[in-house]
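Student: Below you will find the structure I want to go over with you.
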Amino acid sequence: MSEVPSELRDEIPSFDSKPAHVDHGPIDWSGLTSIRTAKSALEIGSIVALAAAVFFGLEGILRWTDTPTYVFPKPIDIVRTLANQFTDVYAHHLWVTMSEFLAGYAIGATVGLALAALITQKPFAEKVIAPYVLVMVTMPMIAFVPFLRLKMGFGSWPLIIAVALAAGPMVMINAATGFRRTDLAKIALARSYGANTFQIFRKIRFPLALPMIIVGFMVGSIFGLLTAVGGEMVAASEEGGLGERLVYYSSLARMDEFGAIILIIAALGVSIYVLFYFIGKRWASWEA
Amino acid sequence: MVLITAPRTVQTPAKLRINGATKIYESKSGPVHALEDFSLDVREGELICILGPSGCGKTTLLWALSGLHALTRGEVALDGRPVTGPRPNELGMIFQDANLLPWRNLRQNIHFPFEIKRRPVPRQRITALLHETGLTGFDGSYPRELSGGMQQRASIVRALAQEPSVLLMDEPFGALDAFTRDEMNLLLLRLWSESAQTIVFVTHNISEAIFLGDRVVVMTPRPGRLARIYDIDLPRPRTIDMMFEPSFIELIQDIKRTVEAGGRHSVEVE
Ligand SMILES: Nc1ncnc2c1ncn2[C@@H]1O[C@H](COP(=O)(O)OP(=O)(O)O)[C@@H](O)[C@H]1O
Ligand SMILES: [Mg+2]
């Protein structure tokens with residue numbers, strides 16, 4: 001015998017022109033991706049031309065003023081250093097940072113997503129946990145790396161944990177915003193076809209939350225990367241890592257190499273953004 | 001005409017029996033009486049229109065019929081069995097807006113109920129329905145790319161593909177312009193005439209109700225009670241021209257008076 005679905009309890013959704021689920025979180029998908037992207041050849045050409053102008057302009061000024069490398073490295077030298085040293089030295093450190101980041105992010109994002117899905121089912125639990133999540137979100141997790149180092153030794157676990165603690169809450173608050181969306185009309189639709197609670201979750205609540213989940217993944221990954229690099233600057237593992245290299249090269253005033261590492265980190269950050277941009281385009285574009 | 005409709009009343013058993021339906025919402029500002037002792041027998045295969053001003057409890061009634069909401073008092077029975085929750089195999093619901101899932105294209109939207117029910121998709125039937133509703137070639141489109149009329153047609157295809165024996169429609173064309181609405185009404189009548197379906201069609205538009213219905217049930221303003229039932233003896237198939245005939249216009253005026261009198265007019269007439 002079927003029952004009246006309890007989550008619809010006496011509410012008739014208002015079928016306005018506005019979708020019922022438009023309650024965005026702190027950051028929303030379009031906010032992150034509505035940066036106007038270049039499309040025409042002219043626009044793309046201009047971007048490249050600007051990059052070239054900055055690159056060679058800087059090079060020209062630094063040569064003209066005869067600035068020593070320890071004050072400011074010349075762009076061409078940075079690129080040359082990067083090309084020469086990448087496979088021998090930098091690739092290893094890139095890998096160290098990436099593996100700490102990926103391991104920590106995988107743990108943090110999974111736990112954050114699962115907690116968001118669970119907690120939004122129980123408004124009471126959500127309210128109790130909210131202040132603690134806020135503390136976790138605002139806390140710089142880098143601060144714990146030296147402490148964890150003391151407890152856990154010189155492996156990569158302190159950094160993995162810090163990355164997880166930085167990325168997890170970010171994923172969680174955004175995903176929770178997504179899961180909190182309840183489009184009664186869509187739920188009623190599914191119920192009218194006999195959907196059970198799990199089907200409602202999988203086919204309605206989850207897709208409805210997906211754009212916010214992707215936002216959480218994106219913001220979480222950027223926080224995770226910052227924490228990985230920052231944590232290495234404070235207390236790297238014995239393997240090093242990009243952050244450890246930054247401290248090392250700047251302490252020796254080897255600014256070409258310092259610049260090369262900065263370039264790698266920048267490329268990493270942009271790649272993450274671009275990756276999520278395309279993920280969002282594929283899975284969240286229905287909302288934009 | 002009385003001779004034609006009267007025997008039907010006697011012989012056809014009630015497909016849907018609404019008995020003393022009463023709904024009181026508990027709101028912060030106190031209880032809201034939305035529906036009061038509403039009783040009605042819907043005959044098998046008929047297209048019955050429920051007409052009433054906004055806020056008179058039409059949606060409340062329909063959601064109770066669909067098993068999505070519970071009544072405060074009274075009961076609803078479908079084929080003699082009380083409706084205590086959704087009846088996905090017998091009841092189809094068309095909502096006030098198309099209620100398509102925006103992350104799915106049309107075809108995926110139409111497949112949605114089959115996924116929920118874990119049933120094979122009758123591709124030929126869907127293709128035929130898409131053709132009949134003029135949606136051929138749009139099955140890969142996303143809802144936001146389509147007009148309101150096309151979206152609502154897709155939602156009708158979604159419901160009809162399930163072959164429900166009763167279709168509940170809640171002001172399905174309320175948001176459409178007058179021309180599209182006429183078109184949709186004709187389409188609905190054509191689809192209905194090809195099936196044996198019972199349709200409960202809720203609207204606040206008097207001429208739409210007369211144009212579509214075998215009977216028009218007029219409700220009073222809140223709390224919604226049954227004011228009067230009109231038998232509509234316009235011949236079928238119905239055409240738009242009928243809406244300009246004097247008898248049609250007279251009926252509109254009569255129903256209007258019934259609505260305005262909050263049901264008291266009907267007492268005077270009878
Ligand atoms: N959840 C609710 N709480 C309180 N009042 C409600 C609720 N839902 C509907 N109502 C009220 O009940 C009445 C009937 O609503 P509804 O069935 O939506 O009317 P209709 O569909 O005829 O416009 C309206 O006056 C409405 O304001
Ligand atoms: Mg309504």
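Just remember, in the structure tokens the first chain shown is A, the second B, etc., residues are 1-based per chain, and ligands are 1-based in the order shown.
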As a quick test: using only C-alpha atoms and all ligand atoms, which residues lie no more than 9 Å away from ligand 2? Give them as number ranges by chain.
Tutor: A: 12, 14; B: 54-60, 62, 96, 170-171, 202-204
Student: Per residue of chain A within 8 Å of chain B, record the nearest atom pair and its distance in Å to one decimal, counting only C-alpha atoms, with rows in chain order and ascending residue number, as a Markdown table.
Tutor:
| residue | atom | partner | partner_atom | distance |
| --- | --- | --- | --- | --- |
| A:Met1 | CA | B:Thr84 | CA | 7.5 |
| A:Ser2 | CA | B:Gly85 | CA | 4.8 |
| A:Glu3 | CA | B:Gly85 | CA | 4.1 |
| A:Val4 | CA | B:Gly85 | CA | 4.2 |
| A:Pro5 | CA | B:Leu68 | CA | 6.2 |
| A:Leu8 | CA | B:Leu68 | CA | 7.1 |
| A:Arg9 | CA | B:His69 | CA | 6.7 |
| A:Asp10 | CA | B:His69 | CA | 6.1 |
| A:Ile12 | CA | B:Thr60 | CA | 7.8 |
| A:Phe15 | CA | B:Asp97 | CA | 6.1 |
| A:Ala185 | CA | B:Asn99 | CA | 6.8 |
| A:Lys186 | CA | B:Asn99 | CA | 6.6 |
| A:Ala188 | CA | B:Leu68 | CA | 6.9 |
| A:Leu189 | CA | B:Asn99 | CA | 7.6 |
| A:Ala190 | CA | B:Pro113 | CA | 7.4 |
| A:Arg191 | CA | B:Pro86 | CA | 6.8 |
| A:Ser192 | CA | B:Pro86 | CA | 5.3 |
| A:Tyr193 | CA | B:Pro88 | CA | 4.5 |
| A:Gly194 | CA | B:Pro88 | CA | 5.4 |
| A:Ala195 | CA | B:Ile116 | CA | 5.7 |
| A:Gln199 | CA | B:Ile116 | CA | 7.0 |
| A:Pro207 | CA | B:Trp103 | CA | 7.3 |
| A:Ala284 | CA | B:Trp103 | CA | 7.9 |
| A:Trp286 | CA | B:Trp103 | CA | 5.4 |
| A:Glu287 | CA | B:Pro102 | CA | 7.7 |
Student: Figure out the distance between CA of Ala176 (chain A) and CA of Pro211 (chain A), please, to one decimal in Å.
Tutor: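 If I compute the distance from CA of Pro211 (chain A) to CA of Ala176 (chain A), I get 11.5 Å.
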Student: Pick out each residue of region 23-269 of chain A that DSSP on the backbone tags as alpha helix (DSSP H); I need them as JSON, numbers by chain.
Tutor: {"A": [29, 30, 31, 32, 33, 41, 42, 43, 44, 45, 46, 47, 48, 49, 50, 51, 52, 53, 54, 55, 56, 57, 58, 59, 60, 61, 62, 63, 64, 75, 76, 77, 78, 79, 80, 81, 82, 83, 84, 85, 91, 92, 93, 94, 95, 96, 97, 98, 99, 100, 101, 102, 103, 104, 105, 106, 107, 108, 109, 110, 111, 112, 113, 114, 115, 116, 117, 118, 119, 123, 124, 125, 126, 127, 128, 129, 130, 131, 132, 133, 134, 135, 136, 137, 138, 145, 146, 147, 148, 149, 150, 151, 152, 157, 158, 159, 160, 161, 162, 163, 164, 165, 166, 167, 168, 169, 170, 171, 172, 173, 174, 175, 176, 177, 178, 179, 180, 184, 185, 186, 187, 188, 189, 190, 191, 192, 197, 198, 199, 200, 206, 207, 208, 209, 210, 211, 212, 213, 214, 215, 216, 217, 218, 219, 220, 221, 222, 223, 224, 225, 226, 227, 228, 229, 230, 231, 232, 233, 234, 235, 242, 243, 244, 245, 246, 247, 248, 249, 250, 251, 255, 256, 257, 258, 259, 260, 261, 262, 263, 264, 265, 266, 267, 268, 269]}
Student: Between CA of Ala175 (chain A) and CA of Gly230 (chain A), what is the distance in Å, rounded to a tenth?
Tutor: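 Taking CA of Ala175 (chain A) as the start and CA of Gly230 (chain A) as the end point, the length is 25.3 Å.
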Student: When you draw a straight line from CA of Ala164 (chain A) to CA of Tyr90 (chain A), how long is it in Å?
Tutor: 24.1 Å
Student: Closest to Leu263 (chain A) among A:Leu42, A:Leu159, A:Leu242, A:Ile279, using only C-alpha atoms?
Tutor: A:Leu242
